[in-house]
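Everything below belongs to coords-v8.txt, which stores compact mmCIF, C-alpha atoms.
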# COMPACT_ATOMS: atom_id res chain seq x y z
CA MET A 1 0.00 0.00 0.00
CA LYS A 2 1.28 3.45 -0.91
CA GLN A 3 2.37 5.46 2.12
CA GLU A 4 0.67 8.87 2.32
CA THR A 5 3.10 11.77 2.62
CA PRO A 6 2.25 15.10 4.23
CA VAL A 7 0.98 17.82 1.95
CA VAL A 8 3.76 20.29 1.22
CA TRP A 9 2.74 23.47 -0.57
CA PRO A 10 4.73 24.17 -3.77
CA SER A 11 7.63 26.60 -3.51
CA ALA A 12 5.81 28.88 -5.98
CA GLY A 13 3.37 29.72 -3.18
CA VAL A 14 -0.29 30.43 -3.85
CA SER A 15 0.26 30.76 -7.60
CA GLU A 16 0.25 26.95 -7.57
CA VAL A 17 -2.22 24.73 -5.70
CA PRO A 18 -1.52 21.05 -4.86
CA TYR A 19 -4.30 18.81 -6.14
CA ARG A 20 -4.04 16.70 -2.98
CA ILE A 21 -6.02 19.28 -1.00
CA TYR A 22 -9.13 18.44 -3.03
CA SER A 23 -9.08 14.68 -2.37
CA ASP A 24 -7.00 13.84 0.69
CA PRO A 25 -9.28 12.55 3.52
CA SER A 26 -6.84 13.70 6.21
CA ILE A 27 -6.82 17.24 4.80
CA PHE A 28 -10.62 17.21 4.73
CA GLU A 29 -10.78 16.18 8.40
CA GLN A 30 -8.38 18.97 9.32
CA GLU A 31 -10.54 21.44 7.40
CA MET A 32 -13.60 20.44 9.39
CA MET A 33 -11.72 20.95 12.66
CA ARG A 34 -9.59 24.02 11.89
CA ILE A 35 -11.98 25.92 9.62
CA PHE A 36 -15.60 24.94 10.30
CA GLU A 37 -15.12 24.22 14.00
CA GLY A 38 -12.54 26.97 14.42
CA GLU A 39 -12.78 30.72 14.88
CA SER A 40 -14.99 31.40 11.86
CA TRP A 41 -18.48 32.85 11.56
CA SER A 42 -20.51 30.40 9.48
CA TYR A 43 -23.78 31.46 7.87
CA VAL A 44 -26.70 29.49 9.33
CA GLY A 45 -29.92 31.23 8.27
CA LEU A 46 -32.12 34.29 8.03
CA ALA A 47 -34.07 35.88 10.84
CA ALA A 48 -37.05 35.73 8.45
CA GLU A 49 -36.92 31.94 8.72
CA ILE A 50 -37.50 32.01 12.48
CA PRO A 51 -39.71 35.09 13.05
CA GLU A 52 -41.71 33.87 16.08
CA ALA A 53 -40.77 32.62 19.54
CA GLY A 54 -40.32 28.86 19.40
CA ASP A 55 -39.39 28.83 15.70
CA TYR A 56 -36.36 26.75 14.83
CA LEU A 57 -34.19 26.01 11.83
CA VAL A 58 -31.97 22.98 11.29
CA THR A 59 -28.83 23.67 9.26
CA MET A 60 -25.17 22.69 8.97
CA ILE A 61 -21.79 24.05 9.99
CA GLY A 62 -19.32 21.95 8.06
CA ARG A 63 -20.58 18.39 8.52
CA ARG A 64 -22.23 19.10 11.88
CA SER A 65 -25.98 19.50 12.17
CA VAL A 66 -27.05 22.42 14.36
CA VAL A 67 -30.32 23.94 15.53
CA ILE A 68 -30.98 27.70 15.42
CA THR A 69 -33.90 28.84 17.56
CA ARG A 70 -35.90 31.93 18.51
CA GLY A 71 -36.27 31.97 22.29
CA PRO A 72 -39.24 33.27 24.32
CA ASP A 73 -37.34 36.53 24.79
CA GLY A 74 -36.91 36.94 21.04
CA ALA A 75 -33.17 36.22 21.15
CA VAL A 76 -31.55 33.82 18.68
CA HIS A 77 -29.74 30.76 20.03
CA GLY A 78 -27.85 27.84 18.54
CA PHE A 79 -26.82 24.40 19.73
CA ALA A 80 -25.70 21.00 18.48
CA ASN A 81 -28.43 18.86 16.94
CA ARG A 82 -27.81 15.77 19.04
CA CYS A 83 -28.98 14.54 22.42
CA ALA A 84 -26.49 14.72 25.28
CA HIS A 85 -27.56 11.22 26.36
CA ARG A 86 -26.73 8.89 23.47
CA GLY A 87 -26.11 11.29 20.62
CA VAL A 88 -29.41 10.79 18.80
CA LYS A 89 -30.39 13.57 16.38
CA LEU A 90 -33.05 15.76 18.02
CA CYS A 91 -34.60 17.60 15.07
CA ARG A 92 -35.37 15.91 11.80
CA GLN A 93 -37.42 18.67 10.13
CA HIS A 94 -35.82 21.59 8.29
CA ARG A 95 -38.01 24.16 10.08
CA GLY A 96 -40.70 24.18 12.72
CA ASN A 97 -41.93 25.57 16.01
CA ALA A 98 -41.46 23.88 19.38
CA ARG A 99 -41.48 24.85 23.02
CA PHE A 100 -39.17 21.96 23.89
CA PHE A 101 -36.91 19.69 21.84
CA VAL A 102 -37.49 16.06 22.80
CA CYS A 103 -35.17 13.22 21.89
CA PRO A 104 -37.12 10.47 20.07
CA TYR A 105 -35.12 7.72 21.79
CA HIS A 106 -35.38 8.30 25.56
CA GLN A 107 -37.35 11.59 25.62
CA TRP A 108 -34.71 13.78 27.18
CA SER A 109 -35.99 17.32 26.58
CA TYR A 110 -34.28 20.66 26.03
CA ASP A 111 -35.41 24.28 25.90
CA ALA A 112 -34.74 26.86 23.17
CA ARG A 113 -31.27 27.51 24.55
CA GLY A 114 -30.32 23.84 24.47
CA ASN A 115 -30.53 23.49 28.25
CA LEU A 116 -31.53 20.07 29.56
CA ARG A 117 -34.97 20.34 31.19
CA GLY A 118 -36.32 16.83 31.53
CA VAL A 119 -35.01 13.29 32.00
CA PRO A 120 -37.69 10.55 32.24
CA PHE A 121 -37.33 8.29 35.29
CA ILE A 122 -34.58 10.47 36.68
CA LYS A 123 -35.56 9.27 40.21
CA GLY A 124 -36.21 5.72 39.06
CA VAL A 125 -39.45 3.73 39.44
CA LYS A 126 -40.62 2.44 42.82
CA GLY A 127 -37.24 3.13 44.32
CA LYS A 128 -35.33 1.24 41.64
CA GLY A 129 -33.03 2.58 38.95
CA GLY A 130 -32.80 6.23 38.05
CA MET A 131 -29.81 8.46 37.57
CA PRO A 132 -27.05 8.66 40.19
CA GLU A 133 -27.57 11.07 43.09
CA ASP A 134 -24.82 13.33 41.80
CA PHE A 135 -26.33 13.58 38.30
CA ASP A 136 -26.36 17.29 37.38
CA ARG A 137 -28.69 18.29 34.57
CA ALA A 138 -26.79 21.55 33.99
CA SER A 139 -23.69 19.51 33.14
CA HIS A 140 -25.56 17.85 30.28
CA ASP A 141 -26.83 20.87 28.35
CA LEU A 142 -26.22 20.74 24.63
CA PRO A 143 -23.04 22.32 23.23
CA LYS A 144 -23.85 25.98 22.64
CA LEU A 145 -22.93 28.03 19.62
CA ALA A 146 -21.79 31.62 19.56
CA VAL A 147 -24.44 33.48 17.54
CA THR A 148 -24.45 36.88 15.88
CA GLU A 149 -27.04 38.56 13.66
CA ARG A 150 -26.55 41.48 11.32
CA ASN A 151 -29.49 43.06 9.51
CA GLY A 152 -31.46 39.82 9.41
CA VAL A 153 -28.63 37.40 8.56
CA ILE A 154 -27.55 34.92 11.24
CA PHE A 155 -24.05 33.53 11.71
CA ALA A 156 -22.87 31.00 14.29
CA SER A 157 -19.66 29.38 15.47
CA PHE A 158 -18.42 26.53 17.66
CA ALA A 159 -15.66 28.90 18.85
CA GLU A 160 -15.51 32.60 19.79
CA PRO A 161 -14.64 34.55 16.62
CA PRO A 162 -13.96 38.29 16.65
CA PRO A 163 -16.89 40.69 16.26
CA PHE A 164 -18.55 40.21 12.88
CA GLU A 165 -17.77 43.76 11.75
CA SER A 166 -14.02 43.31 12.17
CA TYR A 167 -14.23 39.71 10.92
CA LEU A 168 -15.64 40.88 7.58
CA GLY A 169 -13.50 43.99 7.16
CA GLU A 170 -14.47 47.48 6.06
CA THR A 171 -14.99 46.94 2.31
CA ASN A 172 -16.76 43.60 2.57
CA LEU A 173 -18.93 44.91 5.39
CA ARG A 174 -19.98 47.87 3.25
CA TYR A 175 -21.08 45.60 0.41
CA PHE A 176 -22.77 43.20 2.84
CA ASP A 177 -24.77 46.15 4.21
CA ARG A 178 -25.52 47.25 0.65
CA VAL A 179 -27.82 44.21 0.28
CA PHE A 180 -28.68 43.73 3.95
CA ASP A 181 -29.39 47.36 4.69
CA GLY A 182 -31.74 46.91 7.64
CA ARG A 183 -34.93 46.40 5.67
CA GLN A 184 -36.96 43.38 6.70
CA LEU A 185 -36.18 40.42 4.46
CA SER A 186 -38.78 38.29 2.71
CA LEU A 187 -38.10 34.58 2.19
CA LEU A 188 -38.88 33.53 -1.41
CA GLY A 189 -37.79 29.90 -1.52
CA TYR A 190 -35.10 27.23 -1.42
CA SER A 191 -33.12 25.10 -3.82
CA ARG A 192 -30.57 22.44 -2.95
CA GLN A 193 -28.12 20.39 -4.94
CA LEU A 194 -25.39 17.83 -4.31
CA ILE A 195 -22.28 18.59 -6.35
CA PRO A 196 -19.63 15.84 -6.82
CA GLY A 197 -16.66 18.07 -6.12
CA ASN A 198 -14.57 19.47 -3.29
CA TRP A 199 -16.17 22.38 -1.43
CA LYS A 200 -13.22 24.69 -2.14
CA LEU A 201 -13.86 24.41 -5.87
CA MET A 202 -17.16 26.24 -5.35
CA PHE A 203 -15.44 29.08 -3.52
CA GLU A 204 -12.73 29.22 -6.20
CA ASN A 205 -15.39 29.40 -8.90
CA ILE A 206 -17.09 32.45 -7.40
CA LYS A 207 -13.74 34.15 -6.73
CA ASP A 208 -12.67 33.53 -10.35
CA PRO A 209 -13.94 36.13 -12.86
CA TYR A 210 -11.53 34.78 -15.49
CA HIS A 211 -13.81 31.83 -16.30
CA ALA A 212 -17.04 33.82 -16.51
CA SER A 213 -16.32 35.23 -19.97
CA LEU A 214 -15.31 31.81 -21.27
CA LEU A 215 -17.63 29.22 -19.73
CA HIS A 216 -21.01 30.92 -19.43
CA VAL A 217 -22.68 31.35 -22.81
CA PHE A 218 -25.65 33.15 -21.29
CA LEU A 219 -23.63 35.67 -19.28
CA VAL A 220 -21.39 36.47 -22.21
CA THR A 221 -24.06 36.67 -24.89
CA PHE A 222 -26.40 38.97 -23.00
CA GLY A 223 -23.66 41.11 -21.47
CA LEU A 224 -24.41 40.21 -17.87
CA PHE A 225 -20.81 39.54 -16.80
CA ARG A 226 -17.79 39.43 -19.10
CA ALA A 227 -14.19 40.58 -19.45
CA ASP A 228 -14.77 43.82 -21.36
CA GLN A 229 -17.01 45.39 -18.72
CA GLU A 230 -16.19 47.77 -15.88
CA SER A 231 -15.27 45.45 -13.01
CA GLN A 232 -13.50 45.18 -9.69
CA VAL A 233 -12.08 42.36 -7.56
CA GLN A 234 -11.66 43.27 -3.91
CA MET A 235 -10.58 41.28 -0.85
CA ASP A 236 -10.41 41.86 2.88
CA ASP A 237 -7.05 41.99 4.66
CA THR A 238 -7.05 38.22 5.34
CA GLY A 239 -7.92 37.18 1.79
CA GLY A 240 -10.70 34.92 3.05
CA HIS A 241 -13.54 37.16 1.86
CA ALA A 242 -13.82 38.65 -1.62
CA LEU A 243 -16.03 40.66 -3.96
CA LEU A 244 -16.55 40.45 -7.72
CA ILE A 245 -18.27 43.64 -8.84
CA SER A 246 -19.38 44.40 -12.38
CA ARG A 247 -21.72 46.56 -14.46
CA ARG A 248 -23.79 45.08 -17.27
CA GLY A 249 -22.67 45.66 -20.85
CA GLU A 250 -24.22 45.22 -24.25
CA GLN A 251 -24.89 42.19 -26.46
CA LYS A 252 -22.18 42.89 -29.00
CA LYS A 253 -18.60 42.04 -29.82
CA SER A 254 -15.66 44.34 -29.18
CA ASP A 255 -11.88 44.31 -29.50
CA ALA A 256 -11.73 42.77 -26.03
CA THR A 257 -13.99 39.82 -26.90
CA SER A 258 -11.87 38.11 -29.57
CA ASP A 259 -11.11 35.17 -27.27
CA ILE A 260 -14.74 34.74 -26.22
CA ALA A 261 -15.90 31.93 -28.48
CA ASN A 262 -19.22 31.61 -26.65
CA LEU A 263 -20.51 35.08 -27.51
CA ARG A 264 -23.63 34.82 -29.69
CA GLU A 265 -24.83 38.11 -31.15
CA ASP A 266 -27.78 36.42 -32.85
CA PHE A 267 -29.31 34.89 -29.70
CA VAL A 268 -32.72 36.33 -28.82
CA LEU A 269 -34.88 35.63 -25.79
CA SER A 270 -38.40 34.39 -26.48
CA ASP A 271 -39.47 36.03 -23.24
CA LYS A 272 -37.53 39.25 -22.75
CA ARG A 273 -38.91 39.59 -19.22
CA LEU A 274 -36.15 37.23 -18.07
CA LEU A 275 -33.79 40.18 -18.40
CA ASP A 276 -35.72 43.25 -17.33
CA PRO A 277 -33.61 44.50 -14.41
CA VAL A 278 -34.47 47.70 -12.62
CA LYS A 279 -32.05 49.78 -10.58
CA GLU A 280 -32.54 49.28 -6.84
CA PHE A 281 -29.15 49.97 -5.23
CA PRO A 282 -27.41 53.36 -4.98
CA ASP A 283 -24.41 52.36 -7.15
CA ASP A 284 -24.30 51.19 -10.77
CA ALA A 285 -23.17 47.61 -10.06
CA THR A 286 -25.51 45.07 -11.65
CA VAL A 287 -23.58 42.05 -10.37
CA VAL A 288 -21.99 41.67 -6.95
CA MET A 289 -20.82 38.21 -5.92
CA GLN A 290 -19.50 38.17 -2.36
CA THR A 291 -17.72 35.19 -0.80
CA ILE A 292 -17.62 35.12 2.99
CA TRP A 293 -15.24 32.65 4.64
CA PRO A 294 -15.89 29.81 5.18
CA ASN A 295 -19.32 28.86 3.81
CA LEU A 296 -21.32 31.70 2.24
CA ILE A 297 -21.87 33.27 -1.17
CA VAL A 298 -24.02 36.42 -1.29
CA GLN A 299 -25.38 36.81 -4.79
CA GLN A 300 -26.84 39.84 -6.52
CA GLN A 301 -27.32 39.23 -10.24
CA SER A 302 -29.57 41.96 -11.63
CA ASN A 303 -32.56 41.80 -9.22
CA THR A 304 -32.33 38.18 -8.14
CA LEU A 305 -30.90 37.88 -4.62
CA ALA A 306 -29.74 34.67 -3.00
CA LEU A 307 -27.52 33.21 -0.32
CA ARG A 308 -25.61 30.04 -1.16
CA GLN A 309 -24.52 27.99 1.83
CA ILE A 310 -21.68 25.50 1.27
CA ARG A 311 -22.08 22.25 3.24
CA PRO A 312 -19.09 19.90 2.82
CA ARG A 313 -19.92 16.19 2.92
CA SER A 314 -16.66 14.50 1.94
CA PRO A 315 -13.45 15.39 0.09
CA GLY A 316 -15.30 14.86 -3.19
CA ALA A 317 -18.82 16.14 -2.50
CA PHE A 318 -20.63 19.11 -1.03
CA GLU A 319 -24.20 20.29 -0.79
CA LEU A 320 -25.06 23.77 -2.03
CA ALA A 321 -28.14 25.16 -0.28
CA TRP A 322 -29.71 28.19 -1.97
CA THR A 323 -31.99 30.62 -0.13
CA PHE A 324 -33.75 33.16 -2.35
CA PHE A 325 -35.00 36.35 -0.75
CA GLY A 326 -36.30 39.84 -1.35
CA TYR A 327 -37.54 42.63 0.91
CA ALA A 328 -40.80 42.81 2.84
CA ASP A 329 -41.68 46.08 1.10
CA ASP A 330 -41.26 44.65 -2.44
CA ASP A 331 -44.35 45.03 -4.58
CA GLU A 332 -45.76 42.07 -6.51
CA ALA A 333 -43.98 43.08 -9.72
CA MET A 334 -40.57 43.10 -8.00
CA THR A 335 -41.17 39.73 -6.34
CA THR A 336 -42.16 38.25 -9.70
CA ARG A 337 -39.06 39.80 -11.29
CA ARG A 338 -36.79 38.32 -8.62
CA LEU A 339 -38.30 34.86 -9.05
CA ARG A 340 -38.14 35.01 -12.84
CA GLN A 341 -34.50 36.08 -12.80
CA ALA A 342 -33.75 33.24 -10.38
CA ASN A 343 -33.87 31.03 -13.48
CA LEU A 344 -30.40 32.42 -14.21
CA MET A 345 -28.77 31.64 -10.88
CA SER A 346 -30.08 28.53 -9.15
CA SER A 347 -29.28 24.83 -8.95
CA ALA A 348 -30.66 24.36 -12.49
CA GLY A 349 -30.06 27.93 -13.65
CA LEU A 350 -29.16 28.93 -17.19
CA VAL A 351 -25.81 30.09 -15.80
CA SER A 352 -25.16 28.15 -12.59
CA ALA A 353 -25.67 24.72 -14.12
CA ASP A 354 -22.42 25.32 -16.03
CA ASP A 355 -20.51 25.70 -12.76
CA SER A 356 -21.93 22.49 -11.27
CA GLU A 357 -20.81 20.50 -14.31
CA VAL A 358 -17.34 22.00 -14.54
CA ILE A 359 -16.72 21.47 -10.80
CA LYS A 360 -17.50 17.78 -11.32
CA LEU A 361 -15.04 17.68 -14.23
CA ALA A 362 -12.41 19.44 -12.13
CA GLN A 363 -12.80 16.88 -9.36
CA ASP A 364 -12.48 14.04 -11.87
CA GLY A 365 -9.18 15.49 -13.02
CA VAL A 366 -7.55 16.26 -9.67
CA ASP A 367 -8.57 12.89 -8.22
CA GLN A 368 -6.54 11.12 -10.90
CA TYR A 369 -3.41 13.25 -10.49
CA PRO A 370 -3.09 13.92 -6.74
CA ASP A 371 0.66 14.62 -6.88
CA HIS A 372 0.34 17.38 -9.47
CA VAL A 373 -0.43 21.09 -9.01
CA GLY A 374 -2.80 23.62 -10.52
CA VAL A 375 -1.60 26.92 -11.98
CA VAL A 376 -3.18 30.09 -10.58
CA GLN A 377 -1.19 32.85 -12.27
CA MET A 378 -3.68 34.82 -14.37
CA GLY A 379 -3.13 38.48 -13.53
CA GLY A 380 0.24 37.74 -11.93
CA ARG A 381 1.22 36.02 -8.70
CA GLY A 382 0.06 38.62 -6.18
CA THR A 383 -3.10 39.07 -4.10
CA GLU A 384 -3.87 42.72 -4.77
CA ASN A 385 -7.28 44.20 -5.56
CA GLU A 386 -7.90 44.57 -9.29
CA ASN A 387 -10.11 46.72 -11.54
CA HIS A 388 -10.60 44.05 -14.23
CA MET A 389 -11.78 40.45 -14.60
CA VAL A 390 -8.80 38.79 -16.25
CA THR A 391 -7.30 37.73 -12.95
CA GLU A 392 -7.17 34.98 -10.35
CA THR A 393 -6.04 37.30 -7.57
CA ALA A 394 -8.99 36.43 -5.29
CA VAL A 395 -8.23 32.71 -5.62
CA ARG A 396 -4.63 33.35 -4.59
CA ALA A 397 -5.81 35.49 -1.66
CA PHE A 398 -8.19 32.71 -0.62
CA TYR A 399 -5.36 30.19 -0.48
CA THR A 400 -3.14 32.62 1.40
CA HIS A 401 -5.77 32.62 4.16
CA TYR A 402 -6.44 28.89 3.77
CA ARG A 403 -2.77 28.00 4.24
CA ARG A 404 -2.53 30.19 7.32
CA VAL A 405 -5.58 28.60 8.97
CA MET A 406 -4.61 25.07 7.96
CA GLY A 407 -0.92 25.41 8.83
CA LEU A 408 0.18 24.26 5.36
Rendering of file as structure tokens:
Amino acid sequence: MKQETPVVWPSAGVSEVPYRIYSDPSIFEQEMMRIFEGESWSYVGLAAEIPEAGDYLVTMIGRRSVVITRGPDGAVHGFANRCAHRGVKLCRQHRGNARFFVCPYHQWSYDARGNLRGVPFIKGVKGKGGMPEDFDRASHDLPKLAVTERNGVIFASFAEPPPFESYLGETNLRYFDRVFDGRQLSLLGYSRQLIPGNWKLMFENIKDPYHASLLHVFLVTFGLFRADQESQVQMDDTGGHALLISRRGEQKKSDATSDIANLREDFVLSDKRLLDPVKEFPDDATVVMQTIWPNLIVQQQSNTLALRQIRPRSPGAFELAWTFFGYADDDEAMTTRRLRQANLMSSAGLVSADDSEVIKLAQDGVDQYPDHVGVVQMGGRGTENENHMVTETAVRAFYTHYRRVMGL
């Protein structure tokens, strides 16, 4: 049997990426511990999903199932979705409302904070059995999560990360608040998909504007996002979070589109309402794709808004959970517009389906050549902000942060 050797990052630094990090089970286990169970704020849900006292939401941080609740006092809490007795999963529904959470096995019960409230037969029956005299219910509460909420978006952690504002950084916080500006959010729906690829490939994809003008026929043809448009790539100081910002162009060729084989000037939509965006934000950006370490993509493409939560399952598979939303003060026309445009960016979207397929192809390739490396040198070898799309700077910044957290 071949002896596994430790992963050593290439001497070229983050301009090369070892394929082993996409398939090595030991690396994956370290990621779950160091990243998803470490000092990171993971997205877990929207306040609009748990509006009333007793409402709860079951979601994931890494591979761990967690419960997010709205307590009687209106505060949001989070705890591990497993009984302290024998580890049985407490909640099996995605959402619901409950005063207590009762284990289906032995009926141990917990309140909205995850505190143990009831243990059947704790004193025994007719003087026989029961828990030991020194059994302390408070010592068997469920593991609590640190929880923070900003403008209706909820994040949680198994550790104690820094305040969310400093965690995100000034620029990324400003663009986060651009979408989540304090208005009440309206939940529009969900979509989920299982993608046969490593979770990092999804983050790379959203941080990589280079591919958008080459892979996505729809984006390129209708001028939604391509290399010859006014664009920016911006990161926070750590490199973990990033922004791709662009302004829509026209459906025509230019001197800068000679390498874009997928551009089709003769394509016409049968229903032009699919692309009828209206301006709703103060700036001129029509696309802002924000990646927030370690598990969230905030998407604004025209007027369709969504959160994509990355849920790793194994080195070669992750679940992508989409939550589509608008604002409570949207009129019916805007809600319809958001839902119609969601056909662009969703699990089966006219654009996003391309990414799912190419991530699968990428995983097929790296699995077969684990001792080789990928080249990430478009736009140079640095990690600076850029004012164009022909760059992989955000991918390099991502791996700068990744290496630091992982100790690679």
8 Å contact set for A:Val376, all atoms listed in the file, chain neighbours under 4 positions out, as a list in words: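 Everything that qualifies: Val14, Ser15, Glu16, Val17, Arg381, Glu392, Val395 and Arg396 of chain A.
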Surrounding residues of A:Asn198 excluding itself and chain neighbours under 4 positions, 9 Å, only C-alpha atoms, as a PDB file with C-alpha atoms, in the frame of the given file:
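What follows is the written file around_19.pdb:
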ATOM      1  CA  ILE A  21      -6.020  19.280  -1.000  1.00  0.00           C
ATOM      2  CA  TYR A  22      -9.130  18.440  -3.030  1.00  0.00           C
ATOM      3  CA  SER A  23      -9.080  14.680  -2.370  1.00  0.00           C
ATOM      4  CA  MET A 202     -17.160  26.240  -5.350  1.00  0.00           C
ATOM      5  CA  PRO A 312     -19.090  19.900   2.820  1.00  0.00           C
ATOM      6  CA  ARG A 313     -19.920  16.190   2.920  1.00  0.00           C
ATOM      7  CA  SER A 314     -16.660  14.500   1.940  1.00  0.00           C
ATOM      8  CA  PRO A 315     -13.450  15.390   0.090  1.00  0.00           C
ATOM      9  CA  GLY A 316     -15.300  14.860  -3.190  1.00  0.00           C
ATOM     10  CA  ALA A 317     -18.820  16.140  -2.500  1.00  0.00           C
ATOM     11  CA  PHE A 318     -20.630  19.110  -1.030  1.00  0.00           C
ATOM     12  CA  ILE A 359     -16.720  21.470 -10.800  1.00  0.00           C
ATOM     13  CA  LYS A 360     -17.500  17.780 -11.320  1.00  0.00           C
ATOM     14  CA  GLN A 363     -12.800  16.880  -9.360  1.00  0.00           C
TER      15      GLN A 363
END
For A:Pro18, work out the shell of residues within 10 Å, counting all atoms listed in the file and skipping chain neighbours fewer than 3 positions away, then give it as a list in words.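 Residues meeting the cut-off are Val7, Val8, Trp9, Pro10, Val14, Ile21, Tyr22, Val366, Tyr369, Pro370, Asp371, His372, Val373, Gly374 and Val375 of chain A.
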Since we have the selection now, will you write its residues out, keeping C-alpha atoms, as a PDB file, in the frame of the given file?
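Contents of the output file part_0.pdb:
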ATOM      1  CA  VAL A   7       0.980  17.820   1.950  1.00  0.00           C
ATOM      2  CA  VAL A   8       3.760  20.290   1.220  1.00  0.00           C
ATOM      3  CA  TRP A   9       2.740  23.470  -0.570  1.00  0.00           C
ATOM      4  CA  PRO A  10       4.730  24.170  -3.770  1.00  0.00           C
ATOM      5  CA  VAL A  14      -0.290  30.430  -3.850  1.00  0.00           C
ATOM      6  CA  ILE A  21      -6.020  19.280  -1.000  1.00  0.00           C
ATOM      7  CA  TYR A  22      -9.130  18.440  -3.030  1.00  0.00           C
ATOM      8  CA  VAL A 366      -7.550  16.260  -9.670  1.00  0.00           C
ATOM      9  CA  TYR A 369      -3.410  13.250 -10.490  1.00  0.00           C
ATOM     10  CA  PRO A 370      -3.090  13.920  -6.740  1.00  0.00           C
ATOM     11  CA  ASP A 371       0.660  14.620  -6.880  1.00  0.00           C
ATOM     12  CA  HIS A 372       0.340  17.380  -9.470  1.00  0.00           C
ATOM     13  CA  VAL A 373      -0.430  21.090  -9.010  1.00  0.00           C
ATOM     14  CA  GLY A 374      -2.800  23.620 -10.520  1.00  0.00           C
ATOM     15  CA  VAL A 375      -1.600  26.920 -11.980  1.00  0.00           C
TER      16      VAL A 375
END
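Note that the spacing between atom CA of A:Ala48 and atom CA of A:Ser166 amounts to 24.5 Å.
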Smallest atom-to-atom distance to A:Pro163: which of A:Trp41, A:Trp322, A:Phe222, A:Phe176, using only C-alpha atoms?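 Answer, going by the shortest atom-to-atom distance: A:Trp41.
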Have stretch 32-43 of chain A completed to N, CA and C atoms, please, and pass it along as a PDB file, in the frame of the given file.
ATOM      1  N   MET A  32     -12.412  20.409   8.544  1.00  0.00           N
ATOM      2  CA  MET A  32     -13.600  20.440   9.390  1.00  0.00           C
ATOM      3  C   MET A  32     -13.256  20.952  10.781  1.00  0.00           C
ATOM      4  N   MET A  33     -12.110  20.558  11.306  1.00  0.00           N
ATOM      5  CA  MET A  33     -11.720  20.950  12.660  1.00  0.00           C
ATOM      6  C   MET A  33     -11.184  22.387  12.704  1.00  0.00           C
ATOM      7  N   ARG A  34     -10.259  22.721  11.822  1.00  0.00           N
ATOM      8  CA  ARG A  34      -9.590  24.020  11.890  1.00  0.00           C
ATOM      9  C   ARG A  34     -10.439  25.159  11.329  1.00  0.00           C
ATOM     10  N   ILE A  35     -11.228  24.866  10.291  1.00  0.00           N
ATOM     11  CA  ILE A  35     -11.980  25.920   9.620  1.00  0.00           C
ATOM     12  C   ILE A  35     -13.414  25.995  10.138  1.00  0.00           C
ATOM     13  N   PHE A  36     -14.172  24.901   9.979  1.00  0.00           N
ATOM     14  CA  PHE A  36     -15.600  24.940  10.300  1.00  0.00           C
ATOM     15  C   PHE A  36     -15.883  24.822  11.796  1.00  0.00           C
ATOM     16  N   GLU A  37     -14.955  24.253  12.550  1.00  0.00           N
ATOM     17  CA  GLU A  37     -15.120  24.220  14.000  1.00  0.00           C
ATOM     18  C   GLU A  37     -14.175  25.196  14.681  1.00  0.00           C
ATOM     19  N   GLY A  38     -13.485  25.994  13.893  1.00  0.00           N
ATOM     20  CA  GLY A  38     -12.540  26.970  14.420  1.00  0.00           C
ATOM     21  C   GLY A  38     -13.166  28.340  14.569  1.00  0.00           C
ATOM     22  N   GLU A  39     -12.327  29.359  14.591  1.00  0.00           N
ATOM     23  CA  GLU A  39     -12.780  30.720  14.880  1.00  0.00           C
ATOM     24  C   GLU A  39     -13.291  31.420  13.623  1.00  0.00           C
ATOM     25  N   SER A  40     -14.347  30.843  13.049  1.00  0.00           N
ATOM     26  CA  SER A  40     -14.990  31.400  11.860  1.00  0.00           C
ATOM     27  C   SER A  40     -16.465  31.610  12.133  1.00  0.00           C
ATOM     28  N   TRP A  41     -17.031  32.646  11.524  1.00  0.00           N
ATOM     29  CA  TRP A  41     -18.480  32.850  11.560  1.00  0.00           C
ATOM     30  C   TRP A  41     -19.082  32.151  10.348  1.00  0.00           C
ATOM     31  N   SER A  42     -19.852  31.111  10.570  1.00  0.00           N
ATOM     32  CA  SER A  42     -20.510  30.400   9.480  1.00  0.00           C
ATOM     33  C   SER A  42     -21.955  30.875   9.353  1.00  0.00           C
ATOM     34  N   TYR A  43     -22.377  31.115   8.119  1.00  0.00           N
ATOM     35  CA  TYR A  43     -23.780  31.460   7.870  1.00  0.00           C
ATOM     36  C   TYR A  43     -24.672  30.281   8.234  1.00  0.00           C
TER      37      TYR A  43
END
